[in-house]
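Data from target_28.txt: compact mmCIF, C-alpha atoms
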# COMPACT_ATOMS: atom_id res chain seq x y z
CA MET A 1 0.00 0.00 0.00
CA LYS A 2 2.83 2.35 0.84
CA ASN A 3 4.50 1.71 -2.47
CA LEU A 4 1.24 2.27 -4.29
CA LYS A 5 0.84 5.58 -2.49
CA LYS A 6 4.36 6.62 -3.47
CA ILE A 7 3.84 5.73 -7.11
CA VAL A 8 0.43 7.41 -7.32
CA CYS A 9 1.90 10.54 -5.77
CA MET A 10 4.91 10.53 -8.05
CA LEU A 11 2.74 10.13 -11.13
CA SER A 12 0.22 12.75 -10.14
CA VAL A 13 2.84 15.40 -9.77
CA GLY A 14 2.01 18.33 -7.61
CA VAL A 15 -0.70 16.78 -5.52
CA CYS A 16 1.53 15.13 -2.93
CA SER A 17 1.42 17.13 0.23
CA ALA A 18 3.83 17.73 3.03
CA GLY A 19 1.62 15.37 4.99
CA PHE A 20 2.64 12.61 2.65
CA ALA A 21 6.28 13.34 3.28
CA SER A 22 5.76 13.29 7.01
CA ASP A 23 4.29 9.78 6.69
CA LEU A 24 7.61 8.59 5.43
CA LYS A 25 10.05 7.62 8.10
CA HIS A 26 13.77 7.44 7.95
CA LYS A 27 14.91 5.03 5.27
CA GLU A 28 11.63 5.22 3.33
CA ILE A 29 12.57 8.76 2.40
CA ALA A 30 15.92 7.65 1.03
CA GLU A 31 14.15 4.84 -0.87
CA LEU A 32 11.75 7.32 -2.42
CA GLU A 33 14.57 9.68 -3.36
CA SER A 34 16.60 6.90 -4.93
CA SER A 35 13.67 5.85 -7.12
CA LEU A 36 12.62 9.37 -8.03
CA PRO A 37 12.87 9.84 -11.80
CA ALA A 38 14.76 12.74 -13.31
CA GLY A 39 12.40 15.63 -13.94
CA LEU A 40 10.77 15.38 -10.52
CA GLN A 41 11.95 17.00 -7.33
CA ILE A 42 11.24 16.75 -3.63
CA ASN A 43 11.11 20.39 -2.63
CA ALA A 44 11.95 21.98 0.70
CA GLU A 45 8.40 21.36 1.91
CA GLY A 46 8.67 17.65 1.21
CA GLU A 47 6.38 17.77 -1.82
CA VAL A 48 7.06 15.85 -5.02
CA VAL A 49 6.87 18.40 -7.80
CA LYS A 50 8.09 18.85 -11.35
CA VAL A 51 11.47 20.43 -11.81
CA ALA A 52 11.04 23.85 -13.32
CA ASN A 53 11.75 23.21 -16.99
CA LYS A 54 12.21 26.85 -17.84
CA ALA A 55 15.57 27.09 -16.12
CA MET A 56 17.81 29.57 -17.87
CA ILE A 57 20.97 27.98 -19.18
CA ASP A 58 23.59 30.68 -19.20
CA ILE A 59 27.09 29.29 -19.25
CA HIS A 60 28.56 32.55 -18.04
CA ARG A 61 26.28 33.03 -15.08
CA PRO A 62 28.08 30.83 -12.54
CA VAL A 63 31.34 32.62 -13.14
CA GLY A 64 30.34 35.81 -14.92
CA GLY A 65 30.67 39.27 -13.50
CA THR A 66 32.97 38.15 -10.75
CA SER A 67 35.95 35.92 -10.23
CA ILE A 68 34.44 34.31 -7.17
CA ARG A 69 33.81 30.58 -7.49
CA TYR A 70 31.99 28.30 -5.10
CA TYR A 71 32.84 25.01 -3.47
CA SER A 72 29.70 23.29 -2.19
CA SER A 73 29.16 20.15 -0.18
CA ALA A 74 26.10 18.37 1.12
CA ALA A 75 26.34 17.04 4.66
CA SER A 76 25.10 13.52 4.01
CA PRO A 77 28.32 12.37 2.26
CA MET A 78 30.58 13.95 4.90
CA HIS A 79 32.74 11.89 7.19
CA SER A 80 31.49 11.35 10.74
CA ILE A 81 34.20 11.52 13.35
CA GLY A 82 32.01 9.86 15.96
CA GLY A 83 28.41 9.26 16.91
CA ASP A 84 25.53 7.47 15.26
CA TYR A 85 23.61 9.39 12.65
CA SER A 86 20.69 9.20 10.33
CA TYR A 87 19.87 10.69 6.91
CA VAL A 88 17.47 13.60 6.63
CA SER A 89 16.23 14.74 3.25
CA PRO A 90 17.64 16.51 1.30
CA GLY A 91 21.31 15.70 1.76
CA CYS A 92 21.26 16.41 5.50
CA ARG A 93 22.26 14.47 8.58
CA ALA A 94 21.04 14.36 12.17
CA SER A 95 22.46 12.74 15.23
CA VAL A 96 20.68 9.69 16.61
CA SER A 97 21.92 10.29 20.13
CA GLY A 98 23.70 13.31 21.56
CA GLY A 99 25.79 15.39 19.21
CA ILE A 100 27.61 14.64 16.01
CA SER A 101 30.55 16.08 14.08
CA LEU A 102 31.08 15.74 10.33
CA ASP A 103 34.43 16.52 8.70
CA GLU A 104 35.51 17.14 5.15
CA ALA A 105 38.89 18.07 3.73
CA VAL A 106 38.84 21.12 1.48
CA ASP A 107 41.05 20.51 -1.53
CA LEU A 108 41.39 23.99 -2.96
CA PRO A 109 44.80 24.70 -4.51
CA LEU A 110 47.66 26.71 -3.08
CA ASP A 111 47.28 30.51 -3.35
CA THR A 112 43.50 30.31 -3.54
CA LYS A 113 41.89 33.19 -1.68
CA ILE A 114 38.87 32.13 0.38
CA VAL A 115 36.39 34.96 0.66
CA SER A 116 33.36 33.43 2.33
CA PHE A 117 32.18 30.45 4.33
CA THR A 118 28.53 29.51 4.83
CA ALA A 119 26.98 26.52 6.55
CA TYR A 120 23.31 25.70 6.54
CA GLY A 121 20.83 23.39 8.21
CA LEU A 122 17.70 23.28 10.32
CA ASP A 123 17.48 24.40 13.92
CA ASN A 124 14.10 24.07 15.59
CA ASN A 125 15.31 23.83 19.13
CA SER A 126 15.89 26.52 21.71
CA THR A 127 18.58 24.67 23.59
CA GLN A 128 20.52 22.95 20.82
CA ALA A 129 22.58 24.47 18.03
CA GLY A 130 24.38 23.68 14.81
CA SER A 131 27.90 24.93 14.40
CA ALA A 132 30.46 25.21 11.63
CA ILE A 133 34.21 25.55 11.95
CA LEU A 134 36.84 26.22 9.33
CA TYR A 135 40.09 24.65 10.53
CA THR A 136 43.58 25.25 9.25
CA THR A 137 46.20 22.69 10.19
CA ASN A 138 49.87 23.35 9.65
CA ILE A 139 50.71 20.11 7.91
CA ALA A 140 54.43 20.56 8.60
CA THR A 141 54.09 20.99 12.36
CA GLY A 142 50.69 19.43 13.07
CA ASP A 143 49.44 22.58 14.79
CA LEU A 144 45.69 23.06 14.58
CA ASP A 145 44.01 26.46 14.32
CA ILE A 146 40.38 27.42 14.24
CA TYR A 147 40.27 29.97 11.49
CA ASN A 148 36.67 30.86 12.19
CA SER A 149 33.64 29.31 13.84
CA TYR A 150 29.94 30.03 13.68
CA SER A 151 26.86 28.81 15.56
CA SER A 152 23.14 28.82 14.85
CA GLY A 153 22.67 29.78 18.52
CA ASN A 154 20.11 28.72 21.06
CA THR A 155 17.73 31.62 21.00
CA GLU A 156 17.26 32.46 17.35
CA THR A 157 13.97 32.08 15.58
CA PRO A 158 13.53 28.39 14.76
CA GLY A 159 13.81 27.29 11.15
CA ARG A 160 16.49 26.92 8.53
CA TYR A 161 19.77 28.49 9.48
CA SER A 162 22.50 29.90 7.34
CA ILE A 163 25.60 30.85 9.28
CA GLY A 164 29.00 32.09 8.25
CA GLY A 165 30.77 35.22 7.13
CA PHE A 166 33.12 36.91 4.73
CA LEU A 167 36.75 35.89 5.02
CA ASP A 168 40.14 36.86 3.67
CA LEU A 169 42.13 33.65 3.87
CA ASP A 170 44.96 32.80 1.52
CA ARG A 171 45.87 29.15 1.15
CA THR A 172 49.54 28.71 1.88
CA TYR A 173 52.07 25.94 1.33
CA ASN A 174 51.66 24.27 4.72
CA ASP A 175 48.05 24.87 5.55
CA SER A 176 45.72 21.90 5.42
CA LEU A 177 42.15 23.09 5.42
CA PHE A 178 39.09 21.22 6.58
CA VAL A 179 35.50 21.93 7.56
CA ARG A 180 33.70 20.54 10.60
CA LEU A 181 29.93 20.75 10.87
CA SER A 182 28.55 19.82 14.28
CA SER A 183 25.40 19.63 16.32
CA ASN A 184 24.99 19.21 20.04
CA GLY A 185 21.67 17.39 19.95
CA THR A 186 19.32 15.25 17.92
CA GLU A 187 17.00 18.10 16.91
CA ILE A 188 19.52 19.76 14.61
CA ASP A 189 19.74 18.86 10.92
CA ILE A 190 23.14 19.57 9.38
CA CYS A 191 22.73 20.14 5.66
CA GLY A 192 25.97 21.36 4.12
CA TYR A 193 28.36 24.23 3.52
CA ARG A 194 29.61 26.49 0.76
CA ILE A 195 32.93 28.23 0.40
CA GLY A 196 33.41 31.23 -1.86
CA PHE A 197 36.90 31.52 -3.30
CA VAL A 198 39.03 33.22 -5.89
CA PRO A 199 41.20 30.81 -7.89
CA PRO A 200 44.97 31.26 -7.66
CA ASP A 201 45.40 32.45 -11.22
CA VAL A 202 43.40 35.59 -10.51
CA ALA A 203 43.76 35.91 -6.74
CA SER A 204 47.10 37.68 -7.04
CA ASP A 205 45.53 40.36 -9.25
CA ILE A 206 42.81 41.26 -6.79
CA ILE A 207 43.11 44.23 -4.49
CA PHE A 208 40.48 44.29 -1.81
CA VAL A 209 38.92 47.64 -1.09
CA ASP A 210 39.92 47.74 2.54
CA ASN A 211 43.56 47.62 1.48
CA PHE A 212 43.28 51.17 0.19
CA TYR A 213 42.79 52.43 3.72
CA ARG A 214 45.84 50.82 5.23
CA MET B 1 41.23 16.06 -41.13
CA GLU B 2 39.86 13.13 -43.07
CA ILE B 3 42.18 11.35 -45.50
CA LYS B 4 40.08 10.08 -48.39
CA ASN B 5 42.73 9.18 -50.88
CA LYS B 6 43.80 5.51 -50.55
CA LYS B 7 47.33 6.27 -51.72
CA SER B 8 47.74 8.97 -49.09
CA LYS B 9 46.51 6.57 -46.41
CA ALA B 10 49.05 3.96 -47.47
CA VAL B 11 51.90 6.50 -47.35
CA LEU B 12 50.80 7.68 -43.93
CA LEU B 13 50.67 4.12 -42.57
CA ALA B 14 54.14 3.45 -43.91
CA LEU B 15 55.49 6.55 -42.19
CA VAL B 16 53.85 5.57 -38.89
CA ALA B 17 55.24 2.03 -39.14
CA ALA B 18 58.72 3.36 -39.88
CA SER B 19 58.64 5.58 -36.81
CA MET B 20 57.74 2.66 -34.49
CA PRO B 21 60.54 0.71 -32.79
CA ALA B 22 61.21 -2.66 -34.37
CA PHE B 23 61.19 -5.88 -32.39
CA GLY B 24 64.42 -6.15 -30.47
CA ASP B 25 64.96 -2.40 -30.31
CA LYS B 26 65.91 -1.21 -26.89
CA TYR B 27 62.73 0.18 -25.37
CA SER B 28 62.84 2.94 -22.84
CA GLN B 29 59.53 3.89 -21.31
CA HIS B 30 61.12 6.96 -19.77
CA ASP B 31 62.25 8.25 -23.15
CA GLN B 32 58.84 7.64 -24.64
CA LEU B 33 57.11 9.57 -21.88
CA THR B 34 59.62 12.39 -21.99
CA ALA B 35 59.23 12.74 -25.71
CA SER B 36 55.46 12.70 -25.70
CA TYR B 37 55.15 15.12 -22.81
CA SER B 38 57.69 17.55 -24.17
CA GLU B 39 55.89 17.54 -27.50
CA ALA B 40 52.52 18.03 -25.91
CA LEU B 41 53.69 20.80 -23.62
CA LYS B 42 55.93 22.54 -26.12
CA SER B 43 55.57 26.28 -25.87
CA LYS B 44 53.80 27.73 -28.87
CA GLY B 45 54.14 31.39 -28.11
CA ASP B 46 52.83 33.79 -25.51
CA GLY B 47 52.16 31.62 -22.50
CA GLU B 48 50.84 28.75 -24.55
CA SER B 49 52.02 25.55 -22.97
CA VAL B 50 48.98 23.37 -23.15
CA ASN B 51 48.06 20.46 -25.33
CA LYS B 52 45.99 21.94 -28.13
CA ASP B 53 44.75 18.52 -29.20
CA PHE B 54 42.21 18.49 -26.36
CA ASP B 55 38.87 17.84 -28.00
CA GLY B 56 36.67 19.34 -25.30
CA GLY B 57 35.13 16.28 -23.69
CA TYR B 58 36.44 14.57 -20.58
CA TRP B 59 35.47 12.01 -17.99
CA LEU B 60 35.56 11.85 -14.22
CA ASN B 61 35.90 8.48 -12.53
CA ILE B 62 34.75 8.16 -8.94
CA ALA B 63 35.30 4.93 -6.99
CA ALA B 64 32.46 3.85 -4.71
CA ALA B 65 34.86 2.95 -1.92
CA GLY B 66 35.45 6.69 -1.35
CA GLY B 67 31.86 7.17 -0.18
CA THR B 68 30.32 7.29 3.26
CA THR B 69 27.17 5.51 4.38
CA ILE B 70 24.23 7.83 5.01
CA TYR B 71 22.91 5.72 7.90
CA SER B 72 25.47 4.77 10.46
CA ASP B 73 23.57 1.57 11.31
CA ASP B 74 23.91 0.10 7.80
CA PRO B 75 27.04 -2.07 7.80
CA TYR B 76 28.93 -2.33 4.53
CA THR B 77 32.04 -4.14 3.41
CA TYR B 78 34.92 -3.26 1.13
CA SER B 79 35.24 -5.92 -1.51
CA GLN B 80 38.10 -5.21 -3.90
CA ASN B 81 39.12 -2.81 -6.66
CA GLY B 82 37.25 0.10 -5.12
CA CYS B 83 34.00 -1.86 -4.85
CA VAL B 84 31.79 -2.10 -1.78
CA TYR B 85 28.62 -3.95 -0.85
CA TYR B 86 26.04 -3.61 1.87
CA ASP B 87 25.34 -6.49 4.19
CA ALA B 88 21.61 -5.81 4.02
CA GLY B 89 21.11 -2.89 1.64
CA GLY B 90 21.92 0.77 2.12
CA TRP B 91 23.03 4.08 0.62
CA LEU B 92 26.53 5.38 0.07
CA GLU B 93 27.27 8.98 -0.93
CA ILE B 94 30.15 11.06 -2.30
CA ASN B 95 30.39 14.82 -2.66
CA LEU B 96 31.54 15.83 -6.13
CA ARG B 97 33.84 18.68 -7.12
CA LEU B 98 32.74 19.83 -10.55
CA PRO B 99 33.88 22.96 -12.38
CA ASP B 100 31.33 25.75 -12.70
CA GLY B 101 29.79 26.14 -16.14
CA HIS B 102 30.76 22.68 -17.36
CA ARG B 103 28.06 20.41 -18.74
CA ILE B 104 27.24 16.95 -17.40
CA ASN B 105 26.19 14.75 -20.30
CA GLY B 106 25.71 11.37 -18.70
CA ILE B 107 26.72 8.85 -16.08
CA ARG B 108 28.06 5.30 -16.24
CA HIS B 109 27.53 2.95 -13.30
CA TYR B 110 30.13 0.21 -12.67
CA TYR B 111 28.91 -2.77 -10.68
CA VAL B 112 28.85 -6.50 -10.04
CA ASP B 113 25.27 -7.80 -10.11
CA GLY B 114 24.97 -11.42 -9.13
CA ASP B 115 21.35 -11.86 -8.10
CA THR B 116 17.82 -10.83 -9.04
CA GLY B 117 18.14 -7.54 -7.18
CA SER B 118 20.08 -4.57 -8.43
CA SER B 119 22.16 -1.62 -7.39
CA SER B 120 22.02 1.91 -8.71
CA ALA B 121 24.08 5.05 -8.99
CA GLN B 122 22.26 8.34 -8.80
CA LEU B 123 23.57 11.83 -9.45
CA TYR B 124 21.54 14.32 -7.48
CA VAL B 125 21.59 17.95 -6.53
CA ALA B 126 20.97 19.30 -3.05
CA PRO B 127 20.32 23.03 -3.39
CA SER B 128 21.26 25.13 -0.37
CA ASN B 129 17.64 26.31 -0.05
CA GLY B 130 16.36 22.76 0.46
CA GLY B 131 14.99 20.25 -2.02
CA PHE B 132 16.18 17.03 -3.60
CA THR B 133 16.63 16.92 -7.37
CA PRO B 134 17.81 13.73 -9.08
CA LEU B 135 19.63 14.45 -12.32
CA GLN B 136 20.03 10.87 -13.52
CA THR B 137 19.87 7.35 -12.09
CA VAL B 138 21.45 4.21 -13.55
CA ALA B 139 20.37 0.80 -12.26
CA SER B 140 22.37 -2.39 -12.75
CA THR B 141 20.96 -5.15 -14.90
CA GLY B 142 21.54 -8.88 -15.20
CA ASP B 143 22.57 -11.30 -12.49
CA SER B 144 25.67 -12.95 -13.93
CA GLY B 145 27.98 -11.77 -11.15
CA THR B 146 30.51 -10.32 -13.58
CA TYR B 147 31.97 -6.82 -13.53
CA SER B 148 29.75 -4.71 -15.78
CA SER B 149 28.68 -1.17 -16.49
CA LEU B 150 25.74 0.72 -17.89
CA TYR B 151 25.56 4.27 -19.27
CA GLU B 152 22.64 6.67 -19.21
CA ALA B 153 22.72 10.04 -20.92
CA MET B 154 21.17 12.86 -18.97
CA ASP B 155 17.53 13.46 -19.85
CA THR B 156 18.47 17.12 -19.86
CA PRO B 157 22.20 17.95 -19.87
CA HIS B 158 22.98 19.87 -16.71
CA ILE B 159 25.23 22.93 -16.37
CA VAL B 160 27.25 22.89 -13.14
CA ASP B 161 26.32 25.70 -10.75
CA ASN B 162 28.23 25.40 -7.50
CA ALA B 163 26.87 28.67 -6.16
CA ASN B 164 23.44 27.13 -5.66
CA ASN B 165 23.96 23.38 -5.66
CA ALA B 166 25.90 20.64 -3.97
CA TYR B 167 26.48 17.68 -6.33
CA VAL B 168 26.30 14.20 -4.86
CA ILE B 169 26.65 10.65 -6.16
CA ARG B 170 24.49 8.16 -4.30
CA PHE B 171 25.06 4.42 -4.60
CA THR B 172 22.12 2.29 -3.56
CA SER B 173 22.00 -1.42 -3.01
CA GLY B 174 18.53 -2.82 -2.60
CA GLY B 175 19.69 -6.32 -1.78
CA GLY B 176 22.34 -7.41 0.57
CA GLY B 177 25.58 -9.29 0.42
CA SER B 178 28.52 -9.65 -1.89
CA THR B 179 26.33 -10.36 -4.92
CA GLN B 180 25.55 -6.66 -5.27
CA GLU B 181 28.81 -4.76 -5.49
CA MET B 182 28.89 -1.07 -6.31
CA CYS B 183 32.18 -0.07 -7.85
CA GLY B 184 32.04 3.47 -9.17
CA VAL B 185 30.74 5.93 -11.71
CA ARG B 186 32.14 7.78 -14.68
CA LEU B 187 30.74 11.18 -15.55
CA ASN B 188 30.80 12.37 -19.15
CA MET B 189 31.58 16.10 -19.12
CA THR B 190 31.99 18.94 -21.59
CA PRO B 191 33.78 22.12 -20.51
CA ASN B 192 32.28 24.45 -23.12
CA PRO B 193 28.59 23.77 -23.61
Translate the structure described by the file into structure tokens.
Amino acid sequence: MKNLKKIVCMLSVGVCSAGFASDLKHKEIAELESSLPAGLQINAEGEVVKVANKAMIDIHRPVGGTSIRYYSSAASPMHSIGGDYSYVSPGCRASVSGGISLDEAVDLPLDTKIVSFTAYGLDNNSTQAGSAILYTTNIATGDLDIYNSYSSGNTETPGRYSIGGFLDLDRTYNDSLFVRLSSNGTEIDICGYRIGFVPPDVASDIIFVDNFYR
Amino acid sequence: MEIKNKKSKAVLLALVAASMPAFGDKYSQHDQLTASYSEALKSKGDGESVNKDFDGGYWLNIAAAGGTTIYSDDPYTYSQNGCVYYDAGGWLEINLRLPDGHRINGIRHYYVDGDTGSSSAQLYVAPSNGGFTPLQTVASTGDSGTYSSLYEAMDTPHIVDNANNAYVIRFTSGGGGSTQEMCGVRLNMTPNP
């Protein structure tokens, strides 16, 4: 019956409600996603809808007008450094018990200038929080530094969070960069991060505005 | 350049044959590599030091063994040659690093399918504003237990946009055990759509 319901909903695009999505528990969601044909999408509300087929294809848009590129990762493929976890659609993770930390090495080349760091997820709890840390490790000495850290906080308005800031970090010969996304409770969904950067071939040509005032 | 004249083809073949080392010639792999690389990277003027023979298309191979399981309670096992299998089914994911503006044309799934079930490789997008969008899914076929692959072109070729999307490969094994190995994917890409 469940399968029939899934198929009927998938075929009659647009009529599946968020209530349908909430019926699905844990691995059923991943099963539905894995069998979802191209052309359909599970949106942020959990509805199965058609992918907008009027998407503008402009090859210059992702890189045009600026030299800033982006490096994006979903949380569900990230490496857990401890704690049991479960998948949360789309591409998110939540702890099963207590907190969880997910790591990922950032393999941007030497002399890249990192200009922003953003992490996102879902925080519907007033006592728990999601956090994101950008670590730099000196690979020659083993010294670890927190370059910057951000938290969704305990008192903010519940809902999706997007935390981070603008940075001015140059990748150097010995720095080994990695991202850690964490939660301190089971009510936090960790969904991913995005790094804005300027590639090394143009980074050396860029003069940031605040340099004029030094 | 297409050579239509049979005589020209014959001359060209003779020249190629003459340039190849004969049996018994001392063969140096190092020399061969040095020669080919120096030719390919030969400077052709102002900063030009790239191989101009590049035809525009390229492929990205991603081994399944580099993935992580999306449920920590689903045990999986490394088999061999970059292949993994789930003891009782599960999902394995890998974040992709794709260049902005490049086009994804299709995906090939490499697998060992030895029973009536199947495994699949799915390329999906997780936009930062929520939502799950599959771009293409390839399911294994057959049950011979031999190393095989299957290619599916994208229904709609996709232009990489890292500003808004995270790109993920998901391997799924419906059945369990070593008869359903997931080994990797190959993406067919074009840099200049």
At most 8 Å from (43.9, 35.8, -1.9), file frame, only C-alpha atoms: which residues, as a ChimeraX atom specification?
/A:111-115,168-171,198,200,203-204,206
Wanna dump the chain A-chain B contacts at 9 Å for me, each residue with its shortest atom pair and the distance in Å to one decimal, counting only C-alpha atoms, ordered by chain and number, as a Markdown table?
| residue | atom | partner | partner_atom | distance |
| --- | --- | --- | --- | --- |
| A:Lys27 | CA | B:Tyr71 | CA | 8.4 |
| A:Ala30 | CA | B:Trp91 | CA | 8.0 |
| A:Glu31 | CA | B:Thr172 | CA | 8.8 |
| A:Glu33 | CA | B:Phe132 | CA | 7.5 |
| A:Ser34 | CA | B:Gln122 | CA | 7.0 |
| A:Ser35 | CA | B:Thr137 | CA | 8.1 |
| A:Leu36 | CA | B:Pro134 | CA | 6.9 |
| A:Pro37 | CA | B:Pro134 | CA | 6.9 |
| A:Ala38 | CA | B:Leu135 | CA | 5.3 |
| A:Gly39 | CA | B:Leu135 | CA | 7.5 |
| A:Leu40 | CA | B:Thr133 | CA | 6.8 |
| A:Gln41 | CA | B:Thr133 | CA | 4.7 |
| A:Ile42 | CA | B:Phe132 | CA | 4.9 |
| A:Asn43 | CA | B:Gly131 | CA | 3.9 |
| A:Ala44 | CA | B:Gly131 | CA | 4.4 |
| A:Glu45 | CA | B:Gly131 | CA | 7.8 |
| A:Gly46 | CA | B:Gly131 | CA | 7.6 |
| A:Glu47 | CA | B:Gly131 | CA | 9.0 |
| A:Val51 | CA | B:Thr133 | CA | 7.7 |
| A:Ile57 | CA | B:Ile159 | CA | 7.2 |
| A:Asp58 | CA | B:Gly101 | CA | 8.3 |
| A:Ile59 | CA | B:Gly101 | CA | 5.2 |
| A:His60 | CA | B:Gly101 | CA | 6.8 |
| A:Arg61 | CA | B:Gly101 | CA | 7.8 |
| A:Pro62 | CA | B:Asp161 | CA | 5.7 |
| A:Val63 | CA | B:Asp100 | CA | 6.9 |
| A:Arg69 | CA | B:Ala163 | CA | 7.3 |
| A:Tyr70 | CA | B:Ala163 | CA | 5.2 |
| A:Tyr71 | CA | B:Asn162 | CA | 6.1 |
| A:Ser72 | CA | B:Ala166 | CA | 5.0 |
| A:Ser73 | CA | B:Ala166 | CA | 5.0 |
| A:Ala74 | CA | B:Ala166 | CA | 5.6 |
| A:Ala75 | CA | B:Asn95 | CA | 8.7 |
| A:Ser76 | CA | B:Ile70 | CA | 5.8 |
| A:Pro77 | CA | B:Glu93 | CA | 4.8 |
| A:Met78 | CA | B:Thr68 | CA | 6.9 |
| A:His79 | CA | B:Thr68 | CA | 6.5 |
| A:Ser80 | CA | B:Thr68 | CA | 8.6 |
| A:Gly83 | CA | B:Ser72 | CA | 8.4 |
| A:Asp84 | CA | B:Ser72 | CA | 5.5 |
| A:Tyr85 | CA | B:Ser72 | CA | 5.4 |
| A:Ser86 | CA | B:Tyr71 | CA | 4.8 |
| A:Tyr87 | CA | B:Ile70 | CA | 5.5 |
| A:Ser89 | CA | B:Phe132 | CA | 7.2 |
| A:Pro90 | CA | B:Phe132 | CA | 5.1 |
| A:Gly91 | CA | B:Ala126 | CA | 6.0 |
| A:Arg93 | CA | B:Ile70 | CA | 7.8 |
| A:Tyr120 | CA | B:Ser128 | CA | 7.2 |
| A:Gly121 | CA | B:Ser128 | CA | 8.8 |
| A:Arg160 | CA | B:Asn129 | CA | 8.7 |
| A:Cys191 | CA | B:Ser128 | CA | 8.0 |
| A:Gly192 | CA | B:Ser128 | CA | 7.5 |
| A:Tyr193 | CA | B:Ser128 | CA | 8.1 |
| A:Arg194 | CA | B:Ala163 | CA | 7.8 |
| A:Ile195 | CA | B:Ala163 | CA | 8.9 |
| A:Gly196 | CA | B:Ala163 | CA | 8.2 |
8 Å per side around region 72-90 of chain A: axis-aligned box centre and edge lengths, as JSON:
{"center_x": 25.2, "center_y": 15.4, "center_z": 7.4, "size_x": 34.0, "size_y": 31.8, "size_z": 35.1}
Quick one, how far is CA of Val179 (chain A) from CA of Leu102 (chain A)?
8.1 Å
Measure the distance from CA of Val202 (chain A) to CA of Phe166 (chain A) in Å and round it to one decimal.
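The value is 18.4 Å.
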Which of A:Asn148, A:Ser162, A:Thr136, A:Asn154 sits closest to Ser176 (chain A) [using all atoms listed in the file]:
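Using all atoms listed in the file, the shortest distance to Ser176 (chain A) belongs to A:Thr136.
Taking CA of Asp143 (chain B) and CA of Val185 (chain B) as the two end points, the separation is 19.1 Å.
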From the list A:Thr137, A:Ser131, A:Ser116, A:Ser95, the nearest residue to Ile68 (chain A) using all atoms listed in the file is A:Ser116
Write out as a list in words each polymer residue whose atoms come within 12 Å of Gln128 (chain A), counting all atoms listed in the file; drop sequence neighbours fewer than 3 positions from it.
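After dropping sequence-adjacent residues, the list is Ser95, Gly98, Gly99, Ile100, Leu122, Asp123, Asn124, Asn125, Ser131, Ser151, Ser152, Gly153, Asn154, Thr155, Glu156, Pro158, Ser182, Ser183, Asn184, Gly185, Thr186, Glu187, Ile188 and Asp189 of chain A.
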